[in-house]
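Structure file entry02.pdb; described as PDB, C-alpha atoms, pLDDT in the B column.
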```pdb
ATOM      1  CA  MET A   1      -6.865 -28.112  20.024  1.00 48.00           C
ATOM      2  CA  SER A   2      -7.712 -25.284  17.636  1.00 51.00           C
ATOM      3  CA  PRO A   3     -10.469 -22.998  18.929  1.00 53.00           C
ATOM      4  CA  PHE A   4     -12.050 -23.132  15.462  1.00 60.00           C
ATOM      5  CA  LEU A   5     -12.714 -26.890  15.630  1.00 80.00           C
ATOM      6  CA  TRP A   6     -15.966 -28.177  17.081  1.00 83.00           C
ATOM      7  CA  ASP A   7     -15.698 -30.875  19.755  1.00 85.00           C
ATOM      8  CA  TRP A   8     -18.936 -32.780  20.354  1.00 88.00           C
ATOM      9  CA  GLY A   9     -17.301 -34.519  23.291  1.00 88.00           C
ATOM     10  CA  LEU A  10     -17.136 -31.208  25.146  1.00 89.00           C
ATOM     11  CA  VAL A  11     -20.806 -30.574  24.384  1.00 91.00           C
ATOM     12  CA  TRP A  12     -21.910 -33.862  25.936  1.00 93.00           C
ATOM     13  CA  GLN A  13     -19.556 -33.283  28.831  1.00 93.00           C
ATOM     14  CA  ALA A  14     -20.974 -29.812  29.493  1.00 93.00           C
ATOM     15  CA  LEU A  15     -24.636 -30.705  28.937  1.00 94.00           C
ATOM     16  CA  PRO A  16     -25.446 -32.084  32.449  1.00 94.00           C
ATOM     17  CA  SER A  17     -24.080 -28.947  34.063  1.00 94.00           C
ATOM     18  CA  LEU A  18     -25.906 -26.713  31.585  1.00 95.00           C
ATOM     19  CA  LEU A  19     -29.192 -28.502  32.210  1.00 95.00           C
ATOM     20  CA  THR A  20     -28.751 -27.929  35.936  1.00 95.00           C
ATOM     21  CA  GLY A  21     -28.264 -24.241  35.217  1.00 95.00           C
ATOM     22  CA  LEU A  22     -31.312 -24.314  32.951  1.00 96.00           C
ATOM     23  CA  GLN A  23     -33.412 -25.519  35.879  1.00 96.00           C
ATOM     24  CA  TYR A  24     -32.457 -22.437  37.901  1.00 96.00           C
ATOM     25  CA  THR A  25     -33.185 -20.240  34.888  1.00 96.00           C
ATOM     26  CA  ILE A  26     -36.665 -21.711  34.520  1.00 96.00           C
ATOM     27  CA  ILE A  27     -37.370 -21.455  38.261  1.00 96.00           C
ATOM     28  CA  ALA A  28     -36.274 -17.808  38.288  1.00 96.00           C
ATOM     29  CA  THR A  29     -38.430 -17.090  35.229  1.00 97.00           C
ATOM     30  CA  LEU A  30     -41.564 -18.748  36.588  1.00 96.00           C
ATOM     31  CA  GLY A  31     -41.129 -17.140  39.997  1.00 97.00           C
ATOM     32  CA  GLY A  32     -40.368 -13.760  38.478  1.00 97.00           C
ATOM     33  CA  SER A  33     -43.402 -14.021  36.200  1.00 96.00           C
ATOM     34  CA  ALA A  34     -45.677 -14.699  39.174  1.00 97.00           C
ATOM     35  CA  VAL A  35     -44.258 -11.691  41.049  1.00 97.00           C
ATOM     36  CA  ALA A  36     -44.512  -9.484  37.945  1.00 97.00           C
ATOM     37  CA  LEU A  37     -48.140 -10.450  37.358  1.00 95.00           C
ATOM     38  CA  ALA A  38     -49.148  -9.876  40.996  1.00 96.00           C
ATOM     39  CA  LEU A  39     -47.346  -6.546  41.319  1.00 97.00           C
ATOM     40  CA  GLY A  40     -48.392  -5.446  37.846  1.00 95.00           C
ATOM     41  CA  PHE A  41     -52.034  -6.040  38.705  1.00 94.00           C
ATOM     42  CA  LEU A  42     -51.579  -4.120  41.959  1.00 95.00           C
ATOM     43  CA  TRP A  43     -49.999  -1.139  40.166  1.00 95.00           C
ATOM     44  CA  THR A  44     -52.836  -1.243  37.622  1.00 93.00           C
ATOM     45  CA  LEU A  45     -55.542  -1.184  40.286  1.00 91.00           C
ATOM     46  CA  LEU A  46     -53.862   1.709  42.073  1.00 93.00           C
ATOM     47  CA  ARG A  47     -53.603   3.657  38.831  1.00 91.00           C
ATOM     48  CA  LEU A  48     -57.194   3.033  37.742  1.00 88.00           C
ATOM     49  CA  ALA A  49     -58.572   3.836  41.199  1.00 86.00           C
ATOM     50  CA  SER A  50     -57.639   7.527  40.787  1.00 84.00           C
ATOM     51  CA  ILE A  51     -56.720   7.875  44.451  1.00 89.00           C
ATOM     52  CA  PRO A  52     -55.092  11.249  45.234  1.00 91.00           C
ATOM     53  CA  ILE A  53     -51.337  10.963  45.838  1.00 92.00           C
ATOM     54  CA  VAL A  54     -51.431   7.129  45.665  1.00 92.00           C
ATOM     55  CA  SER A  55     -52.337   6.828  41.968  1.00 93.00           C
ATOM     56  CA  PRO A  56     -49.724   9.378  40.796  1.00 94.00           C
ATOM     57  CA  ILE A  57     -47.104   7.552  42.862  1.00 95.00           C
ATOM     58  CA  ALA A  58     -48.104   4.267  41.169  1.00 94.00           C
ATOM     59  CA  VAL A  59     -47.758   5.925  37.753  1.00 94.00           C
ATOM     60  CA  LEU A  60     -44.332   7.283  38.695  1.00 96.00           C
ATOM     61  CA  LEU A  61     -43.241   3.872  39.993  1.00 95.00           C
ATOM     62  CA  VAL A  62     -44.280   2.119  36.786  1.00 95.00           C
ATOM     63  CA  ASN A  63     -42.427   4.691  34.688  1.00 95.00           C
ATOM     64  CA  PHE A  64     -39.373   4.333  36.915  1.00 95.00           C
ATOM     65  CA  LEU A  65     -39.335   0.539  36.588  1.00 95.00           C
ATOM     66  CA  ARG A  66     -39.711   0.776  32.808  1.00 94.00           C
ATOM     67  CA  GLY A  67     -37.163   3.563  32.497  1.00 94.00           C
ATOM     68  CA  THR A  68     -34.250   2.102  34.460  1.00 95.00           C
ATOM     69  CA  PRO A  69     -32.076  -0.914  33.577  1.00 94.00           C
ATOM     70  CA  GLY A  70     -33.021  -4.192  35.193  1.00 93.00           C
ATOM     71  CA  LEU A  71     -29.366  -4.726  36.104  1.00 94.00           C
ATOM     72  CA  ILE A  72     -29.383  -1.623  38.316  1.00 95.00           C
ATOM     73  CA  GLN A  73     -32.562  -2.808  40.021  1.00 95.00           C
ATOM     74  CA  LEU A  74     -30.960  -6.212  40.575  1.00 96.00           C
ATOM     75  CA  TYR A  75     -27.830  -4.673  42.088  1.00 95.00           C
ATOM     76  CA  PHE A  76     -29.919  -2.420  44.332  1.00 94.00           C
ATOM     77  CA  ILE A  77     -31.799  -5.403  45.785  1.00 95.00           C
ATOM     78  CA  PHE A  78     -28.638  -7.498  46.102  1.00 95.00           C
ATOM     79  CA  TYR A  79     -26.214  -4.895  47.472  1.00 94.00           C
ATOM     80  CA  VAL A  80     -28.307  -2.138  49.078  1.00 94.00           C
ATOM     81  CA  LEU A  81     -31.219  -3.885  50.809  1.00 92.00           C
ATOM     82  CA  PRO A  82     -28.965  -6.100  53.010  1.00 92.00           C
ATOM     83  CA  ALA A  83     -27.569  -2.880  54.506  1.00 91.00           C
ATOM     84  CA  TYR A  84     -31.085  -2.204  55.790  1.00 91.00           C
ATOM     85  CA  GLY A  85     -31.562  -5.679  57.221  1.00 89.00           C
ATOM     86  CA  LEU A  86     -33.276  -7.377  54.265  1.00 89.00           C
ATOM     87  CA  THR A  87     -31.117 -10.310  53.179  1.00 89.00           C
ATOM     88  CA  LEU A  88     -32.422 -12.885  50.699  1.00 92.00           C
ATOM     89  CA  SER A  89     -30.931 -15.948  49.045  1.00 93.00           C
ATOM     90  CA  ILE A  90     -29.409 -15.442  45.622  1.00 95.00           C
ATOM     91  CA  LEU A  91     -32.297 -17.274  43.944  1.00 95.00           C
ATOM     92  CA  MET A  92     -34.959 -15.282  45.813  1.00 96.00           C
ATOM     93  CA  THR A  93     -33.089 -12.072  45.025  1.00 95.00           C
ATOM     94  CA  GLY A  94     -33.133 -12.977  41.338  1.00 96.00           C
ATOM     95  CA  ILE A  95     -36.827 -13.859  41.376  1.00 97.00           C
ATOM     96  CA  LEU A  96     -37.724 -10.645  43.188  1.00 96.00           C
ATOM     97  CA  ALA A  97     -35.547  -8.500  40.916  1.00 96.00           C
ATOM     98  CA  LEU A  98     -36.994  -9.984  37.728  1.00 97.00           C
ATOM     99  CA  GLY A  99     -40.539  -9.715  39.064  1.00 97.00           C
ATOM    100  CA  ILE A 100     -40.203  -6.108  40.181  1.00 96.00           C
ATOM    101  CA  SER A 101     -38.446  -5.065  36.982  1.00 95.00           C
ATOM    102  CA  PHE A 102     -41.054  -6.618  34.694  1.00 96.00           C
ATOM    103  CA  SER A 103     -44.039  -5.577  36.836  1.00 96.00           C
ATOM    104  CA  GLY A 104     -43.890  -2.154  35.190  1.00 95.00           C
ATOM    105  CA  TYR A 105     -44.331  -3.664  31.736  1.00 95.00           C
ATOM    106  CA  THR A 106     -46.997  -6.049  33.003  1.00 96.00           C
ATOM    107  CA  SER A 107     -48.911  -3.147  34.521  1.00 95.00           C
ATOM    108  CA  GLU A 108     -48.971  -1.298  31.211  1.00 94.00           C
ATOM    109  CA  VAL A 109     -50.257  -4.374  29.386  1.00 94.00           C
ATOM    110  CA  LEU A 110     -52.993  -5.023  31.957  1.00 93.00           C
ATOM    111  CA  ARG A 111     -54.017  -1.365  32.072  1.00 91.00           C
ATOM    112  CA  ALA A 112     -54.391  -1.212  28.300  1.00 91.00           C
ATOM    113  CA  ALA A 113     -56.366  -4.476  28.240  1.00 90.00           C
ATOM    114  CA  ILE A 114     -58.747  -3.345  30.986  1.00 87.00           C
ATOM    115  CA  GLU A 115     -59.288   0.096  29.459  1.00 86.00           C
ATOM    116  CA  ALA A 116     -60.071  -1.565  26.117  1.00 85.00           C
ATOM    117  CA  ILE A 117     -63.241  -3.085  27.606  1.00 82.00           C
ATOM    118  CA  ALA A 118     -66.311  -1.062  26.654  1.00 77.00           C
ATOM    119  CA  PRO A 119     -67.543   1.112  29.558  1.00 74.00           C
ATOM    120  CA  GLY A 120     -71.060  -0.065  28.771  1.00 73.00           C
ATOM    121  CA  GLN A 121     -70.210  -3.499  30.144  1.00 73.00           C
ATOM    122  CA  TRP A 122     -69.354  -2.001  33.528  1.00 69.00           C
ATOM    123  CA  GLU A 123     -72.570   0.005  33.537  1.00 70.00           C
ATOM    124  CA  ALA A 124     -74.680  -2.984  32.502  1.00 76.00           C
ATOM    125  CA  CYS A 125     -73.215  -5.201  35.221  1.00 74.00           C
ATOM    126  CA  LEU A 126     -73.699  -2.585  37.934  1.00 68.00           C
ATOM    127  CA  THR A 127     -77.237  -1.850  36.731  1.00 74.00           C
ATOM    128  CA  MET A 128     -78.065  -5.553  37.075  1.00 76.00           C
ATOM    129  CA  GLY A 129     -76.850  -5.414  40.665  1.00 70.00           C
ATOM    130  CA  LEU A 130     -73.805  -7.615  40.114  1.00 71.00           C
ATOM    131  CA  PRO A 131     -71.296  -7.145  42.969  1.00 74.00           C
ATOM    132  CA  VAL A 132     -68.144  -5.270  41.999  1.00 71.00           C
ATOM    133  CA  ARG A 133     -66.053  -8.323  42.907  1.00 75.00           C
ATOM    134  CA  HIS A 134     -68.000 -10.442  40.419  1.00 73.00           C
ATOM    135  CA  VAL A 135     -67.767  -7.733  37.768  1.00 73.00           C
ATOM    136  CA  TRP A 136     -63.972  -7.987  38.047  1.00 75.00           C
ATOM    137  CA  THR A 137     -63.671 -11.767  38.279  1.00 74.00           C
ATOM    138  CA  ARG A 138     -66.412 -12.822  35.831  1.00 76.00           C
ATOM    139  CA  VAL A 139     -66.559 -10.022  33.283  1.00 77.00           C
ATOM    140  CA  VAL A 140     -63.534  -7.729  33.256  1.00 80.00           C
ATOM    141  CA  LEU A 141     -60.536  -9.948  34.013  1.00 79.00           C
ATOM    142  CA  PRO A 142     -61.463 -12.873  31.685  1.00 81.00           C
ATOM    143  CA  GLN A 143     -61.730 -10.463  28.748  1.00 83.00           C
ATOM    144  CA  ALA A 144     -58.672  -8.465  29.756  1.00 83.00           C
ATOM    145  CA  MET A 145     -56.500 -11.551  30.146  1.00 85.00           C
ATOM    146  CA  ARG A 146     -57.471 -12.785  26.675  1.00 86.00           C
ATOM    147  CA  THR A 147     -56.404  -9.431  25.255  1.00 86.00           C
ATOM    148  CA  ALA A 148     -53.227  -9.225  27.331  1.00 88.00           C
ATOM    149  CA  LEU A 149     -52.118 -12.841  26.873  1.00 89.00           C
ATOM    150  CA  PRO A 150     -49.904 -12.362  23.772  1.00 89.00           C
ATOM    151  CA  MET A 151     -47.947  -9.484  25.306  1.00 92.00           C
ATOM    152  CA  LEU A 152     -47.717 -11.142  28.725  1.00 93.00           C
ATOM    153  CA  GLY A 153     -46.370 -14.268  27.041  1.00 92.00           C
ATOM    154  CA  SER A 154     -43.834 -12.198  25.110  1.00 93.00           C
ATOM    155  CA  TYR A 155     -42.616 -10.515  28.281  1.00 94.00           C
ATOM    156  CA  MET A 156     -42.313 -13.877  30.016  1.00 95.00           C
ATOM    157  CA  ILE A 157     -40.109 -15.131  27.181  1.00 95.00           C
ATOM    158  CA  TYR A 158     -38.090 -11.934  27.349  1.00 95.00           C
ATOM    159  CA  MET A 159     -37.687 -12.449  31.108  1.00 96.00           C
ATOM    160  CA  PHE A 160     -36.423 -15.972  30.444  1.00 96.00           C
ATOM    161  CA  LYS A 161     -33.667 -14.581  28.226  1.00 94.00           C
ATOM    162  CA  ASP A 162     -33.004 -11.581  30.485  1.00 94.00           C
ATOM    163  CA  SER A 163     -32.494 -13.907  33.465  1.00 94.00           C
ATOM    164  CA  ALA A 164     -28.901 -14.252  32.242  1.00 94.00           C
ATOM    165  CA  ILE A 165     -28.143 -11.076  34.227  1.00 94.00           C
ATOM    166  CA  LEU A 166     -28.585 -13.141  37.405  1.00 95.00           C
ATOM    167  CA  SER A 167     -25.180 -14.674  36.717  1.00 94.00           C
ATOM    168  CA  THR A 168     -23.693 -11.339  37.796  1.00 94.00           C
ATOM    169  CA  ILE A 169     -24.782 -11.935  41.419  1.00 93.00           C
ATOM    170  CA  GLY A 170     -23.541 -15.537  41.490  1.00 91.00           C
ATOM    171  CA  LEU A 171     -26.653 -17.528  40.592  1.00 92.00           C
ATOM    172  CA  SER A 172     -25.590 -20.721  38.835  1.00 91.00           C
ATOM    173  CA  GLU A 173     -28.105 -20.336  36.023  1.00 93.00           C
ATOM    174  CA  LEU A 174     -27.637 -21.357  32.398  1.00 94.00           C
ATOM    175  CA  LEU A 175     -25.180 -18.699  31.257  1.00 93.00           C
ATOM    176  CA  ALA A 176     -23.144 -18.941  34.469  1.00 94.00           C
ATOM    177  CA  LYS A 177     -22.764 -22.695  33.978  1.00 94.00           C
ATOM    178  CA  GLY A 178     -21.655 -22.157  30.395  1.00 93.00           C
ATOM    179  CA  MET A 179     -19.026 -19.618  31.413  1.00 94.00           C
ATOM    180  CA  GLU A 180     -17.890 -21.826  34.284  1.00 93.00           C
ATOM    181  CA  PHE A 181     -17.314 -24.728  31.899  1.00 92.00           C
ATOM    182  CA  GLY A 182     -15.547 -22.447  29.420  1.00 91.00           C
ATOM    183  CA  PHE A 183     -13.093 -21.156  32.019  1.00 92.00           C
ATOM    184  CA  LEU A 184     -12.525 -24.680  33.314  1.00 90.00           C
ATOM    185  CA  TYR A 185     -11.480 -26.079  29.916  1.00 87.00           C
ATOM    186  CA  PHE A 186     -10.456 -22.816  28.199  1.00 88.00           C
ATOM    187  CA  ARG A 187     -13.033 -23.609  25.508  1.00 89.00           C
ATOM    188  CA  PHE A 188     -15.969 -21.248  25.053  1.00 91.00           C
ATOM    189  CA  THR A 189     -17.232 -22.111  21.580  1.00 91.00           C
ATOM    190  CA  GLU A 190     -19.026 -25.326  22.507  1.00 92.00           C
ATOM    191  CA  PRO A 191     -20.544 -24.331  25.876  1.00 93.00           C
ATOM    192  CA  LEU A 192     -21.699 -20.872  24.786  1.00 94.00           C
ATOM    193  CA  THR A 193     -23.128 -22.187  21.522  1.00 95.00           C
ATOM    194  CA  THR A 194     -24.989 -24.864  23.458  1.00 95.00           C
ATOM    195  CA  VAL A 195     -26.236 -22.239  25.921  1.00 96.00           C
ATOM    196  CA  ALA A 196     -27.550 -20.146  23.017  1.00 95.00           C
ATOM    197  CA  ALA A 197     -29.212 -23.226  21.503  1.00 96.00           C
ATOM    198  CA  LEU A 198     -30.965 -24.009  24.801  1.00 96.00           C
ATOM    199  CA  TYR A 199     -32.184 -20.425  25.148  1.00 96.00           C
ATOM    200  CA  PHE A 200     -33.501 -20.508  21.606  1.00 96.00           C
ATOM    201  CA  ALA A 201     -35.178 -23.907  21.965  1.00 96.00           C
ATOM    202  CA  ILE A 202     -37.020 -22.992  25.171  1.00 95.00           C
ATOM    203  CA  SER A 203     -37.989 -19.551  23.841  1.00 95.00           C
ATOM    204  CA  TYR A 204     -39.311 -21.051  20.606  1.00 95.00           C
ATOM    205  CA  LEU A 205     -41.343 -23.725  22.380  1.00 95.00           C
ATOM    206  CA  ALA A 206     -42.727 -21.131  24.799  1.00 94.00           C
ATOM    207  CA  SER A 207     -43.746 -18.823  21.953  1.00 93.00           C
ATOM    208  CA  ARG A 208     -45.553 -21.698  20.235  1.00 93.00           C
ATOM    209  CA  ALA A 209     -47.317 -22.532  23.498  1.00 92.00           C
ATOM    210  CA  VAL A 210     -48.431 -18.912  23.916  1.00 89.00           C
ATOM    211  CA  ARG A 211     -49.812 -18.867  20.368  1.00 89.00           C
ATOM    212  CA  ALA A 212     -51.665 -22.139  20.951  1.00 89.00           C
ATOM    213  CA  LEU A 213     -53.118 -20.812  24.205  1.00 85.00           C
ATOM    214  CA  GLU A 214     -54.117 -17.569  22.514  1.00 81.00           C
ATOM    215  CA  ALA A 215     -55.896 -19.501  19.747  1.00 82.00           C
ATOM    216  CA  ALA A 216     -57.681 -21.658  22.310  1.00 81.00           C
ATOM    217  CA  THR A 217     -58.943 -18.661  24.272  1.00 75.00           C
ATOM    218  CA  HIS A 218     -60.336 -17.050  21.118  1.00 69.00           C
ATOM    219  CA  ALA A 219     -61.904 -20.226  19.755  1.00 63.00           C
TER
END
```

Please express the file's structure as C-alpha cells.
Amino acid sequence: MSPFLWDWGLVWQALPSLLTGLQYTIIATLGGSAVALALGFLWTLLRLASIPIVSPIAVLLVNFLRGTPGLIQLYFIFYVLPAYGLTLSILMTGILALGISFSGYTSEVLRAAIEAIAPGQWEACLTMGLPVRHVWTRVVLPQAMRTALPMLGSYMIYMFKDSAILSTIGLSELLAKGMEFGFLYFRFTEPLTTVAALYFAISYLASRAVRALEAATHA
C-alpha cells in the first residue's frame, strides 16, 4: 500500500487504542493542573510574604522552573529521584513533572492577578476587622481567580499538548499509542493524523469552555 494513500480502515482500527491513550493524557493533564495550581499558589504566597531568605528562594525557584525545559525536569524526576529512594509510578511521575514544571507559570499568573487588586481593598477589609483568612477567601482570591482564569486556562491547554513528552518515559498516552500503532503496521500517516486531530479537538473544546467560563464569571 502506498504511504500517500489514506486508509480509513486503519483509522477505525487504531481509534480504540488511541482513545485509551487519550484517557491517560487527560488524567495526566488534570492531575498536573491540580499540582500546578497548588504549588503555584504556594510559591506566590511565599513570594508575597517577603520573608528573608525564603521569599528570594521562591523567586529563584519560579525562575528556574520557567527557564529550564520541562523534558529535563521530567527526566530528573524519573531517573534521578529513584536513586535517592523516591520511586513513583510512570503516571504519577508524569503528573508530578507536569505540575512542577507548570507551577512556575501558574505562580506568575496568580502573583500578577493578586497584585492587580487595589491596595485600598486590603486596607478597607482590615479596617473593618475582617480576619485575614476571610480577606483572602472572600475578597482577594475570588477577584484574582477571575483575572487569572484566561491565562490559567491557556496553560492548562498547553499542558494537555505538552503531555506528549510523557511518552519518552513509557507512559502509554495519546502520542505513544499513535507511534505504537504506526510501528506495528508500518503506517504513520493515519495514526499520527488522528492523534493530531484528537489533540486539536480537545484543545478547541477546552478553549471554548474557558471562554464560556470567563464570560460567566464577568457577567

Worksheet item: Selected by the PyMOL selection byres ((chain A and resi 111) around 12) in the shown coordinates: which residues, as JSON, numbers by chain?
Response: {"A": [40, 41, 42, 43, 44, 45, 46, 47, 48, 49, 59, 62, 103, 104, 105, 106, 107, 108, 109, 110, 112, 113, 114, 115, 116, 117, 140, 141, 144, 145, 147, 148]}

Discussion item. Could you tell me how far atom CA of Ile51 of chain A sits from atom CA of Thr127 of chain A, in Å to one decimal place?
Written reply: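 That distance, rounded to one decimal, is 24.0 Å.
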
Practice prompt. Quote the spacing between atom CA of Tyr84 of chain A and atom CA of Leu71 of chain A in Å to one decimal place.
Written response: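 Result for atom CA of Tyr84 of chain A versus atom CA of Leu71 of chain A: 19.9 Å, one decimal.
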
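Of the listed residues A:Trp12, A:Tyr24, A:Phe102, A:Trp6, the one whose atoms come nearest to Ala176 of chain A is A:Tyr24, with distances taken using all atoms listed in the file.
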
Worksheet item: Out of A:Phe200, A:Gly129, A:Ala14, A:Gly9, which residue has the shortest atom-to-atom distance to Glu180 of chain A when counting only C-alpha atoms?
Response: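 Of A:Phe200, A:Gly129, A:Ala14, A:Gly9, the one nearest Glu180 of chain A, counting only C-alpha atoms, is A:Ala14.
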
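What separates atom CA of Leu130 of chain A from atom CA of Pro142 of chain A is a distance of 15.8 Å.
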
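Applied to the file shown here, the PyMOL selection byres ((chain A and resi 31) around 10) selects Thr25, Ile26, Ile27, Ala28, Thr29, Leu30, Gly32, Ser33, Ala34, Val35, Ala36, Leu91, Met92, Gly94, Ile95, Leu96, Leu98 and Gly99 of chain A.
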
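Here, the PyMOL selection byres ((chain A and resi 155-161) around 7) matches Thr25, Thr29, Ser33, Met151, Leu152, Gly153, Ser154, Asp162, Ser163, Ala164, Tyr199, Ser203 and Ala206 of chain A.
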